[in-house]
>>> print(open('query37.cif').read())   # mmCIF, C-alpha atoms
data_final
loop_
_atom_site.label_atom_id
_atom_site.label_comp_id
_atom_site.auth_asym_id
_atom_site.auth_seq_id
_atom_site.Cartn_x
_atom_site.Cartn_y
_atom_site.Cartn_z
CA MET A 1 -32.45 -40.27 53.74
CA LYS A 2 -29.67 -41.99 51.96
CA SER A 3 -27.31 -40.02 50.13
CA GLN A 4 -27.05 -40.64 46.51
CA PRO A 5 -23.38 -41.43 46.11
CA GLY A 6 -23.66 -41.75 42.42
CA LEU A 7 -25.09 -38.33 42.17
CA ALA A 8 -22.58 -36.93 44.68
CA MET A 9 -19.77 -38.51 42.75
CA ALA A 10 -21.08 -37.15 39.53
CA SER A 11 -21.34 -33.74 41.11
CA SER A 12 -17.79 -33.99 42.48
CA GLN A 13 -16.54 -35.16 39.11
CA GLU A 14 -18.37 -32.26 37.48
CA THR A 15 -16.75 -29.83 39.94
CA SER A 16 -13.35 -31.38 39.35
CA THR A 17 -13.84 -31.31 35.58
CA SER A 18 -15.10 -27.76 35.80
CA MET A 19 -12.03 -26.76 37.89
CA LYS A 20 -9.72 -28.51 35.45
CA SER A 21 -11.43 -26.72 32.56
CA CYS A 22 -11.13 -23.47 34.41
CA ALA A 23 -7.40 -24.02 35.11
CA LYS A 24 -6.92 -25.09 31.51
CA LEU A 25 -8.73 -21.99 30.30
CA VAL A 26 -6.62 -19.75 32.56
CA PHE A 27 -3.45 -21.49 31.36
CA GLN A 28 -4.47 -21.22 27.71
CA THR A 29 -5.46 -17.57 28.08
CA SER A 30 -2.17 -16.77 29.83
CA ALA A 31 -0.21 -18.60 27.17
CA LEU A 32 -2.11 -16.74 24.46
CA LEU A 33 -1.49 -13.43 26.22
CA LEU A 34 2.22 -14.26 26.48
CA VAL A 35 2.35 -15.05 22.77
CA LEU A 36 0.46 -11.84 22.01
CA VAL A 37 2.85 -9.79 24.14
CA ALA A 38 5.91 -11.49 22.64
CA PHE A 39 4.77 -11.02 19.07
CA GLN A 40 2.83 -7.81 19.64
CA PRO A 41 4.83 -5.71 17.14
CA VAL A 42 4.18 -8.26 14.40
CA ILE A 43 0.54 -9.03 15.17
CA PHE A 44 -0.66 -5.50 15.79
CA ALA A 45 1.53 -3.80 13.20
CA SER A 46 -0.73 -1.86 10.93
CA VAL A 47 -0.90 0.68 8.16
CA ASP A 48 -0.80 3.33 10.91
CA ASP A 49 2.69 2.11 11.86
CA ALA A 50 3.71 2.27 8.22
CA GLN A 51 2.31 5.81 8.10
CA ALA A 52 4.46 6.78 11.09
CA PHE A 53 7.54 5.68 9.11
CA ALA A 54 6.41 7.51 5.96
CA LEU A 55 5.96 10.67 8.07
CA GLN A 56 9.41 10.12 9.55
CA ALA A 57 10.82 10.16 6.00
CA ALA A 58 8.93 13.41 5.37
CA GLU A 59 10.24 15.17 8.48
CA PRO A 60 13.38 16.79 7.01
CA TYR A 61 11.36 18.24 4.14
CA VAL A 62 8.95 20.08 6.45
CA LYS A 63 11.92 22.26 7.43
CA GLN A 64 12.32 23.06 3.74
CA GLY A 65 8.78 24.43 3.60
CA PHE A 66 6.84 21.38 2.41
CA GLN A 67 3.29 21.07 3.78
CA VAL A 68 2.65 17.40 4.46
CA ARG A 69 -0.96 16.30 3.91
CA GLU A 70 -2.76 14.55 6.74
CA ASP A 71 -4.44 12.25 4.22
CA TYR A 72 -2.50 9.22 3.04
CA TRP A 73 -2.80 5.95 1.14
CA GLY A 74 -1.97 2.62 2.68
CA GLY A 75 -2.39 -1.13 2.45
CA ASP A 76 -0.32 -4.26 2.30
CA LEU A 77 1.61 -5.90 -0.51
CA GLY A 78 3.55 -9.12 -1.02
CA SER A 79 7.19 -9.08 -2.13
CA GLY A 80 7.49 -7.91 -5.72
CA GLU A 81 3.94 -6.55 -5.81
CA LYS A 82 3.07 -3.04 -6.96
CA LYS A 83 0.18 -0.68 -6.47
CA ALA A 84 -0.72 2.39 -8.49
CA VAL A 85 -2.36 5.39 -6.90
CA ARG A 86 -3.70 8.34 -8.83
CA GLN A 87 -3.11 11.90 -7.81
CA GLN A 88 -4.02 15.31 -9.20
CA LEU A 89 -0.91 17.49 -9.34
CA PHE A 90 -0.75 21.20 -10.14
CA LYS A 91 1.89 22.84 -12.30
CA GLY A 92 3.66 25.49 -10.20
CA ASN A 93 3.76 23.32 -7.08
CA GLU A 94 6.60 21.03 -6.11
CA TYR A 95 5.79 17.62 -4.60
CA TRP A 96 7.54 14.91 -2.65
CA PHE A 97 5.99 11.48 -2.09
CA TRP A 98 7.31 9.40 0.79
CA LEU A 99 6.74 5.69 1.20
CA GLY A 100 7.36 3.81 4.44
CA THR A 101 6.83 0.46 6.10
CA GLU A 102 7.35 -0.74 9.64
CA VAL A 103 9.11 -3.91 8.36
CA ASP A 104 12.70 -2.71 8.73
CA LYS A 105 14.22 -5.45 6.57
CA ALA A 106 11.92 -4.68 3.67
CA LYS A 107 12.95 -2.70 0.59
CA VAL A 108 10.38 -0.40 -0.94
CA SER A 109 10.29 1.95 -3.91
CA VAL A 110 8.10 4.76 -5.21
CA HIS A 111 8.06 6.27 -8.71
CA VAL A 112 5.83 8.82 -10.40
CA TYR A 113 4.51 8.71 -13.98
CA ASP A 114 2.37 11.17 -15.91
CA SER A 115 -0.96 10.25 -17.49
CA ASP A 116 0.87 9.02 -20.63
CA GLY A 117 2.95 6.62 -18.56
CA LYS A 118 6.16 8.66 -18.87
CA LEU A 119 8.48 8.85 -15.86
CA ALA A 120 7.80 12.28 -14.39
CA GLU A 121 10.06 12.44 -11.35
CA GLU A 122 13.23 14.40 -10.68
CA PRO A 123 16.51 12.43 -10.48
CA ASP A 124 16.94 13.05 -6.73
CA GLY A 125 14.45 10.37 -5.66
CA TRP A 126 15.85 7.83 -3.22
CA GLU A 127 15.39 4.36 -1.73
CA LYS A 128 16.80 3.55 1.68
CA GLY A 129 15.57 0.14 2.85
CA HIS A 130 12.08 0.56 4.25
CA PHE A 131 11.84 4.19 3.16
CA ALA A 132 11.66 5.71 -0.33
CA GLY A 133 10.99 9.15 -1.75
CA ALA A 134 10.08 10.56 -5.17
CA HIS A 135 10.30 14.23 -6.14
CA VAL A 136 8.03 15.76 -8.78
CA ILE A 137 7.89 19.23 -10.30
CA PRO A 138 4.91 18.80 -12.63
CA LYS A 139 5.34 20.08 -16.16
CA ALA A 140 1.57 20.09 -16.59
CA THR A 141 -1.50 20.14 -14.34
CA GLY A 142 -3.32 16.80 -14.40
CA SER A 143 -3.44 13.23 -13.16
CA TYR A 144 -0.27 11.40 -12.24
CA PHE A 145 0.30 7.79 -11.23
CA ILE A 146 2.37 6.98 -8.20
CA ILE A 147 3.64 3.42 -8.33
CA VAL A 148 4.52 1.95 -4.96
CA SER A 149 6.30 -1.35 -4.67
CA VAL A 150 7.54 -3.73 -2.00
CA GLU A 151 10.72 -4.95 -3.71
CA GLU A 152 11.77 -7.37 -0.96
CA SER A 153 10.43 -8.31 2.44
CA PRO A 154 10.82 -11.09 5.00
CA GLU A 155 7.05 -10.88 5.66
CA ASP A 156 4.31 -12.45 3.52
CA ARG A 157 2.42 -9.19 3.48
CA THR A 158 4.07 -5.86 4.15
CA HIS A 159 2.13 -2.80 5.27
CA TRP A 160 2.91 0.35 3.37
CA ALA A 161 1.85 3.96 3.63
CA LEU A 162 2.37 6.80 1.22
CA VAL A 163 2.22 10.44 2.27
CA TYR A 164 2.92 13.51 0.23
CA GLY A 165 3.88 17.10 0.71
CA PHE A 166 3.88 20.16 -1.50
CA ARG A 167 5.22 23.70 -1.55
CA MET B 1 53.18 8.47 -8.71
CA ILE B 2 49.58 9.53 -9.09
CA PRO B 3 49.09 13.23 -8.38
CA LEU B 4 46.79 14.23 -5.50
CA THR B 5 44.28 15.90 -7.83
CA ARG B 6 43.86 12.60 -9.68
CA TYR B 7 43.21 10.82 -6.38
CA LEU B 8 40.64 13.44 -5.54
CA LYS B 9 38.94 13.09 -8.94
CA LEU B 10 38.93 9.31 -8.55
CA GLY B 11 37.52 9.67 -5.03
CA VAL B 12 34.76 11.99 -6.20
CA GLY B 13 33.93 9.56 -9.04
CA VAL B 14 33.69 6.59 -6.66
CA PHE B 15 31.62 8.65 -4.20
CA CYS B 16 29.19 9.68 -6.96
CA ALA B 17 28.86 6.08 -8.14
CA LEU B 18 28.17 4.90 -4.59
CA ALA B 19 25.70 7.70 -4.04
CA LEU B 20 23.86 6.67 -7.20
CA CYS B 21 23.79 3.05 -6.04
CA ALA B 22 22.37 4.13 -2.66
CA GLY B 23 19.78 6.28 -4.40
CA ALA B 24 16.78 5.13 -6.39
CA ALA B 25 17.06 2.00 -8.49
CA GLN B 26 16.57 2.70 -12.16
CA ALA B 27 12.86 3.02 -12.85
CA PRO B 28 11.54 2.34 -16.35
CA GLN B 29 11.26 5.55 -18.37
CA HIS B 30 7.85 4.55 -19.65
CA ILE B 31 5.07 2.26 -18.44
CA ASN B 32 1.76 1.31 -19.97
CA ILE B 33 -0.74 2.83 -17.58
CA LYS B 34 -3.67 1.04 -19.23
CA GLN B 35 -2.05 -2.33 -18.70
CA LEU B 36 -1.18 -1.85 -15.06
CA SER B 37 -1.89 -5.21 -13.50
CA THR B 38 -2.40 -3.55 -10.15
CA ARG B 39 -5.62 -1.93 -9.15
CA VAL B 40 -5.53 1.83 -9.28
CA GLU B 41 -6.58 3.47 -6.03
CA ASP B 42 -9.02 6.36 -5.93
CA VAL B 43 -7.68 9.86 -6.16
CA VAL B 44 -6.90 11.82 -3.03
CA VAL B 45 -8.82 15.06 -3.35
CA PRO B 46 -6.39 17.99 -3.18
CA LEU B 47 -6.88 20.58 -0.47
CA PRO B 48 -7.95 24.03 -1.68
CA ASN B 49 -4.64 25.49 -0.50
CA GLU B 50 -2.79 23.18 -2.86
CA ILE B 51 -4.48 25.00 -5.73
CA PHE B 52 -4.15 28.39 -4.05
CA GLY B 53 -0.41 27.80 -3.61
CA ALA B 54 0.01 27.19 -7.35
CA LEU B 55 -2.17 30.22 -8.08
CA ASN B 56 -0.04 32.44 -5.83
CA LYS B 57 3.04 31.57 -7.87
CA LEU B 58 1.43 33.02 -11.00
CA GLY B 59 1.14 36.49 -9.51
CA THR B 60 -0.23 38.48 -6.61
CA VAL B 61 -3.78 37.53 -5.69
CA ASN B 62 -6.02 39.83 -3.67
CA TRP B 63 -7.24 37.12 -1.32
CA LYS B 64 -9.11 39.58 0.88
CA GLN B 65 -11.76 40.03 -1.81
CA HIS B 66 -12.53 36.29 -1.68
CA VAL B 67 -12.85 36.05 2.12
CA ARG B 68 -16.32 35.03 3.18
CA SER B 69 -17.33 35.02 6.82
CA ASP B 70 -21.15 35.03 6.86
CA LYS B 71 -22.40 32.27 9.12
CA GLY B 72 -25.14 31.03 6.80
CA PRO B 73 -28.19 29.00 7.80
CA ASN B 74 -28.29 25.95 10.05
CA PHE B 75 -29.29 22.90 8.09
CA THR B 76 -30.77 19.76 9.53
CA GLU B 77 -30.11 17.46 6.54
CA ARG B 78 -26.75 15.76 7.08
CA PRO B 79 -25.69 15.82 3.39
CA ARG B 80 -26.27 19.57 3.33
CA ILE B 81 -24.24 20.02 6.51
CA ALA B 82 -21.41 17.92 5.03
CA LEU B 83 -21.31 19.99 1.82
CA LEU B 84 -21.37 23.21 3.82
CA LEU B 85 -18.64 21.94 6.15
CA GLY B 86 -16.31 21.31 3.19
CA THR B 87 -17.08 24.79 1.87
CA VAL B 88 -16.42 26.44 5.24
CA ILE B 89 -13.07 24.62 5.61
CA ALA B 90 -12.13 25.94 2.14
CA ASP B 91 -13.16 29.41 3.34
CA GLY B 92 -10.73 28.88 6.20
CA PHE B 93 -7.88 28.32 3.74
CA ILE B 94 -8.91 31.49 1.86
CA ALA B 95 -8.91 33.50 5.10
CA VAL B 96 -5.41 32.14 5.83
CA GLN B 97 -4.24 33.28 2.38
CA ALA B 98 -5.69 36.70 3.22
CA GLU B 99 -4.10 36.52 6.71
CA ASP B 100 -7.46 37.51 8.22
CA ALA B 101 -7.22 36.30 11.83
CA ASP B 102 -10.74 37.30 12.91
CA THR B 103 -12.37 35.43 10.03
CA VAL B 104 -10.17 32.39 10.67
CA LYS B 105 -11.33 32.33 14.30
CA ASP B 106 -15.00 32.64 13.28
CA ILE B 107 -14.50 29.83 10.81
CA GLY B 108 -12.91 27.64 13.52
CA GLN B 109 -16.09 28.02 15.59
CA ARG B 110 -18.35 27.50 12.59
CA VAL B 111 -16.53 24.28 11.64
CA LEU B 112 -17.01 22.99 15.17
CA ALA B 113 -20.76 23.78 15.13
CA LEU B 114 -21.22 22.06 11.77
CA ALA B 115 -19.20 19.03 12.85
CA LYS B 116 -21.43 18.74 15.92
CA GLY B 117 -24.43 18.91 13.60
CA ILE B 118 -23.36 15.68 11.94
CA GLY B 119 -22.24 14.02 15.14
CA VAL B 120 -18.46 14.29 14.79
CA GLY B 121 -17.90 17.33 16.99
CA ASN B 122 -15.72 15.51 19.53
CA SER B 123 -13.00 14.79 17.01
CA ILE B 124 -12.92 18.45 15.95
CA THR B 125 -12.86 20.26 19.30
CA PRO B 126 -9.04 20.18 19.75
CA HIS B 127 -8.47 21.32 16.17
CA ALA B 128 -10.98 24.18 16.44
CA LYS B 129 -9.16 25.32 19.59
CA ALA B 130 -5.78 25.04 17.85
CA ILE B 131 -7.09 27.05 14.87
CA VAL B 132 -8.18 29.89 17.15
CA GLU B 133 -4.88 29.84 19.09
CA ALA B 134 -2.76 29.80 15.93
CA ALA B 135 -4.86 32.60 14.39
CA ASP B 136 -4.33 34.69 17.54
CA LYS B 137 -0.58 34.24 17.10
CA ARG B 138 -0.91 34.80 13.34
CA ASN B 139 0.91 31.51 12.85
CA TRP B 140 -0.52 30.79 9.39
CA GLU B 141 1.42 27.58 8.85
CA ASN B 142 -0.16 26.10 11.97
CA VAL B 143 -3.63 27.29 10.94
CA ARG B 144 -3.19 25.57 7.55
CA ARG B 145 -2.05 22.38 9.23
CA GLU B 146 -4.99 22.44 11.67
CA LEU B 147 -7.49 23.04 8.87
CA ASP B 148 -6.05 20.01 7.06
CA ARG B 149 -6.25 18.00 10.30
CA THR B 150 -9.81 19.20 10.83
CA GLN B 151 -10.92 17.94 7.44
CA ASN B 152 -9.03 14.70 7.91
CA SER B 153 -10.46 14.09 11.40
CA VAL B 154 -14.01 14.86 10.26
CA GLN B 155 -13.66 12.41 7.39
CA GLN B 156 -12.02 9.71 9.49
CA ALA B 157 -14.76 10.03 12.12
CA MET B 158 -17.39 9.74 9.37
CA ASN B 159 -15.66 6.73 7.80
CA GLU B 160 -15.49 5.00 11.18
CA VAL B 161 -19.27 5.13 11.46
CA HIS B 162 -19.63 4.14 7.77
CA ASP B 163 -20.69 7.60 6.67
CA GLU B 164 -18.21 7.55 3.77
CA LYS B 165 -20.72 9.27 1.51
CA LEU B 166 -20.95 12.26 3.84
CA SER B 167 -17.17 12.29 3.97
CA GLN B 168 -17.08 12.51 0.16
CA LEU B 169 -19.55 15.41 0.28
CA VAL B 170 -17.16 17.28 2.58
CA SER B 171 -14.43 16.89 -0.07
CA LEU B 172 -16.84 17.91 -2.81
CA GLY B 173 -17.92 21.05 -0.94
CA GLY B 174 -14.27 22.06 -0.52
CA TRP B 175 -13.45 21.34 -4.16
CA LEU B 176 -16.40 23.38 -5.43
CA ARG B 177 -15.48 26.39 -3.28
CA GLY B 178 -11.82 26.08 -4.30
CA THR B 179 -12.80 25.93 -7.98
CA GLU B 180 -15.11 28.92 -7.57
CA VAL B 181 -12.26 31.03 -6.19
CA LEU B 182 -9.71 29.67 -8.68
CA THR B 183 -11.89 30.59 -11.65
CA SER B 184 -12.73 33.97 -10.13
CA VAL B 185 -9.02 34.82 -9.82
CA VAL B 186 -8.11 33.51 -13.28
CA LYS B 187 -11.14 35.21 -14.86
CA GLU B 188 -9.96 38.59 -13.58
CA HIS B 189 -6.34 38.20 -14.69
CA PHE B 190 -6.41 35.53 -17.37
CA SER B 191 -3.32 33.45 -18.07
CA SER B 192 -3.02 30.07 -19.76
CA ASP B 193 -1.06 28.72 -16.79
CA GLY B 194 -3.82 29.86 -14.44
CA ALA B 195 -6.51 28.28 -16.60
CA GLU B 196 -4.48 25.06 -16.77
CA LEU B 197 -4.98 24.62 -13.02
CA LEU B 198 -8.56 23.72 -13.91
CA HIS B 199 -7.39 20.66 -15.82
CA GLN B 200 -8.76 18.11 -13.32
CA PRO B 201 -10.90 15.71 -15.37
CA ASP B 202 -10.18 12.60 -13.29
CA LEU B 203 -11.13 14.41 -10.12
CA LEU B 204 -14.38 15.52 -11.70
CA SER B 205 -15.13 11.96 -12.86
CA TYR B 206 -14.39 10.76 -9.34
CA PHE B 207 -17.01 13.13 -7.89
CA GLN B 208 -19.52 12.18 -10.59
CA THR B 209 -19.14 8.50 -9.78
CA ARG B 210 -19.48 9.16 -6.07
CA LEU B 211 -22.63 11.27 -6.51
CA GLN B 212 -24.22 8.59 -8.69
CA ALA B 213 -23.81 6.19 -5.77
CA MET B 214 -25.83 8.45 -3.44
CA PRO B 215 -29.43 8.00 -4.63
CA GLU B 216 -30.61 8.17 -1.02
CA PHE B 217 -29.52 11.82 -0.82
CA ASN B 218 -32.45 13.01 -2.85
CA LEU B 219 -31.93 16.73 -2.36
CA PRO B 220 -32.23 19.52 -4.95
CA ILE B 221 -28.67 20.75 -4.28
CA ILE B 222 -27.22 17.28 -4.93
CA ARG B 223 -29.11 17.03 -8.23
CA GLN B 224 -27.97 20.54 -9.17
CA ILE B 225 -24.34 19.60 -8.52
CA GLN B 226 -24.72 16.42 -10.58
CA ASP B 227 -26.12 18.39 -13.52
CA ALA B 228 -23.46 21.09 -13.13
CA LEU B 229 -20.59 18.59 -13.22
CA VAL B 230 -21.91 17.30 -16.56
CA GLU B 231 -21.74 20.91 -17.83
CA VAL B 232 -18.24 21.50 -16.44
CA LYS B 233 -16.65 18.28 -17.73
CA PRO B 234 -16.21 19.24 -21.41
CA LEU B 235 -14.91 22.66 -20.39
CA ILE B 236 -11.97 21.28 -18.42
CA ASP B 237 -11.40 17.88 -20.07
CA VAL B 238 -9.51 19.31 -23.05
CA GLY B 239 -6.55 16.94 -23.32
CA ASP B 240 -3.46 18.82 -24.54
CA ARG B 241 -5.43 21.88 -25.64
CA ARG B 242 -5.49 25.09 -23.62
CA ILE B 243 -8.52 26.08 -21.56
CA PRO B 244 -9.82 29.36 -23.05
CA PRO B 245 -11.05 32.40 -21.05
CA GLU B 246 -14.70 31.66 -21.97
CA SER B 247 -14.47 28.24 -20.34
CA VAL B 248 -12.98 29.73 -17.18
CA LYS B 249 -15.82 32.26 -17.09
CA LYS B 250 -18.42 29.54 -17.60
CA VAL B 251 -16.97 27.31 -14.86
CA ASN B 252 -16.94 30.32 -12.56
CA GLU B 253 -20.62 31.01 -13.24
CA ILE B 254 -21.52 27.39 -12.56
CA THR B 255 -19.48 27.04 -9.35
CA THR B 256 -20.64 30.43 -8.04
CA ARG B 257 -24.24 29.35 -8.58
CA LEU B 258 -23.59 26.07 -6.77
CA GLY B 259 -21.71 27.84 -3.98
CA HIS B 260 -24.72 30.07 -3.43
CA GLY B 261 -26.97 27.00 -3.40
CA ILE B 262 -24.79 25.25 -0.79
CA VAL B 263 -24.94 28.14 1.69
CA THR B 264 -28.62 29.05 1.09
CA ARG B 265 -31.70 27.28 2.36
CA ASP B 266 -33.91 25.85 -0.44
#
>>> encode(input="query37.cif", output="structure tokens")
Amino acid sequence: MKSQPGLAMASSQETSTSMKSCAKLVFQTSALLLVLVAFQPVIFASVDDAQAFALQAAEPYVKQGFQVREDYWGGDLGSGEKKAVRQQLFKGNEYWFWLGTEVDKAKVSVHVYDSDGKLAEEPDGWEKGHFAGAHVIPKATGSYFIIVSVEESPEDRTHWALVYGFR
Amino acid sequence: MIPLTRYLKLGVGVFCALALCAGAAQAPQHINIKQLSTRVEDVVVPLPNEIFGALNKLGTVNWKQHVRSDKGPNFTERPRIALLLGTVIADGFIAVQAEDADTVKDIGQRVLALAKGIGVGNSITPHAKAIVEAADKRNWENVRRELDRTQNSVQQAMNEVHDEKLSQLVSLGGWLRGTEVLTSVVKEHFSSDGAELLHQPDLLSYFQTRLQAMPEFNLPIIRQIQDALVEVKPLIDVGDRRIPPESVKKVNEITTRLGHGIVTRD
């Protein structure tokens, strides 16, 4: 029985093509993995990372008796964008709100207003690059608005997280 | 020659100016909340101990009389378990205020059993253990933190499996129990500052909106809570006016009735 060279050749070509595809796939996957490893902090950065920074800002206040809530707000904002979050505060308590982002060249701010839109924070609030804090001793029990802002950032979108503590 | 004191004054002035520059940038004194171009996020529901902390500052509270440790029935309906779970976590905070270690430990176990009942037991096991350990050492700060973590872990686990509505019921259960105790304390020793702690209209609206979006939870207790919130709203949504003793008493009656409904089988 004669061999069928055409068929054999086709088969060999298929094998060769398949091997080339396989090598190409391995190469592409490796390259992708390398890129992922190299840019891992940027690609996988998340609101959780931002939360870790917000909690870092809160750390010194825990020693002063502030109970930091496990719950937090988070998201991402472009440079110059703001977000308002609403929070029920109780007269008699003292609150600190801490904002953080993992983008260390970003500048963020946080300010607190009462339900009439009047600035309600104490003058000892601060902004230090990718951290900010606002201190409130509510004059009345009710809803307050916490305005978070990414003032500047080298990233298109900057993750942020806001945590708060009270005593 | 400039005297040393003048140098010092100048130095202090420069330091203060620099400190101000390094501090917060000047924020506008007033903003128009209604015209905020940004979307306003939902409220974070305060923990019961946030309210209890404020209440404590108004005078001594006999927390022991509010401690509740009865185990209650075992429900099979998940919304009922979620409501009860929130209530039991709030009971944990009350037991911490009362520094009642035995009740705290019972509550730790009860929370774990309820969490298992809605399929999120795994995320709670370490916290339940930590609650018991901290209660044994009478480390109340750690118990508070673990109760907060417990609630947070339960809700995160629920959100991960898209059970956000159950997660909201946990918050609601805690808020109702907290409000029941708050009104009970203020009713006994009335003060305007104590009554003002009830001024939470946005929180109440938040719960109303959430309950309206749960038509699938067609249970008597859910309908009772919905009706009750309609009753409570005008009593606490008083603007700049003070909340009178009668309103506190009425809210206490309503929340006590609901609290009984949450822990009792229909």
>>> interface_residues(input="query37.cif", of="chain A", to="chain B", cutoff="10 Å", atoms="only C-alpha atoms", output="PyMOL selection string")
chain A and resi 65+67-74+81-94+109-121+123-129+132-134+140-147+165-167
>>> residues_around(input="query37.cif", residues="A:His159", least_positions_apart="5", cutoff="9 Å", atoms="all atoms listed in the file", output="mmCIF file with C-alpha atoms, in the frame of the given file")
data_model
loop_
_atom_site.group_PDB
_atom_site.id
_atom_site.type_symbol
_atom_site.label_atom_id
_atom_site.label_comp_id
_atom_site.auth_asym_id
_atom_site.auth_seq_id
_atom_site.Cartn_x
_atom_site.Cartn_y
_atom_site.Cartn_z
ATOM 1 C CA ALA A 45 1.530 -3.800 13.200
ATOM 2 C CA SER A 46 -0.730 -1.860 10.930
ATOM 3 C CA VAL A 47 -0.900 0.680 8.160
ATOM 4 C CA ASP A 48 -0.800 3.330 10.910
ATOM 5 C CA ASP A 49 2.690 2.110 11.860
ATOM 6 C CA ALA A 50 3.710 2.270 8.220
ATOM 7 C CA GLY A 74 -1.970 2.620 2.680
ATOM 8 C CA GLY A 75 -2.390 -1.130 2.450
ATOM 9 C CA ASP A 76 -0.320 -4.260 2.300
ATOM 10 C CA LEU A 77 1.610 -5.900 -0.510
ATOM 11 C CA GLY A 100 7.360 3.810 4.440
ATOM 12 C CA THR A 101 6.830 0.460 6.100
ATOM 13 C CA GLU A 102 7.350 -0.740 9.640
ATOM 14 C CA VAL A 103 9.110 -3.910 8.360
#
>>> residues_near_point(input="query37.cif", point="(-24.2, 9.9, -3.2)", cutoff="12 Å", atoms="all atoms listed in the file", output="MDAnalysis selection string")
chainID B and resid 79:80 82:83 163:170 172 206:219 221:223 225:226
>>> atom_distance(input="query37.cif", atom1="atom CA of B:Val61", atom2="atom CA of B:Leu85")
24.6 Å
>>> atom_distance(input="query37.cif", atom1="atom CA of B:Gln97", atom2="atom CA of B:Asp70")
17.6 Å
>>> decode(input="query37.cif", residues="stretch 41-52 of chain B", atoms="N, CA, C and O atoms", output="compact mmCIF listing (two decimals), in the first residue's frame")
# COMPACT_ATOMS: atom_id res chain seq x y z
N GLU B 41 -23.45 58.13 48.55
CA GLU B 41 -23.44 56.70 48.91
C GLU B 41 -24.47 56.43 50.00
O GLU B 41 -24.86 57.33 50.73
N ASP B 42 -24.85 55.17 50.11
CA ASP B 42 -25.76 54.78 51.19
C ASP B 42 -25.12 54.98 52.55
O ASP B 42 -23.91 55.02 52.66
N VAL B 43 -25.97 55.07 53.55
CA VAL B 43 -25.45 55.26 54.90
C VAL B 43 -24.80 53.96 55.39
O VAL B 43 -25.21 52.87 55.01
N VAL B 44 -23.80 54.11 56.23
CA VAL B 44 -23.27 52.95 56.96
C VAL B 44 -24.07 52.89 58.25
O VAL B 44 -24.19 53.88 58.96
N VAL B 45 -24.66 51.75 58.52
CA VAL B 45 -25.51 51.63 59.70
C VAL B 45 -24.61 51.60 60.95
O VAL B 45 -23.69 50.79 61.02
N PRO B 46 -24.87 52.50 61.90
CA PRO B 46 -24.00 52.51 63.08
C PRO B 46 -24.16 51.23 63.90
O PRO B 46 -25.23 50.62 63.91
N LEU B 47 -23.10 50.86 64.58
CA LEU B 47 -23.18 49.71 65.48
C LEU B 47 -23.94 50.13 66.74
O LEU B 47 -23.87 51.30 67.14
N PRO B 48 -24.62 49.19 67.40
CA PRO B 48 -25.32 49.55 68.63
C PRO B 48 -24.41 50.21 69.65
O PRO B 48 -24.82 51.13 70.36
N ASN B 49 -23.13 49.79 69.71
CA ASN B 49 -22.28 50.36 70.76
C ASN B 49 -21.88 51.80 70.48
O ASN B 49 -21.41 52.50 71.37
N GLU B 50 -22.12 52.25 69.24
CA GLU B 50 -21.88 53.66 68.93
C GLU B 50 -22.92 54.51 69.67
O GLU B 50 -22.62 55.57 70.21
N ILE B 51 -24.15 54.00 69.67
CA ILE B 51 -25.24 54.69 70.36
C ILE B 51 -25.07 54.53 71.88
O ILE B 51 -25.24 55.48 72.64
N PHE B 52 -24.70 53.32 72.29
CA PHE B 52 -24.54 53.07 73.73
C PHE B 52 -23.43 53.95 74.31
O PHE B 52 -23.53 54.41 75.44
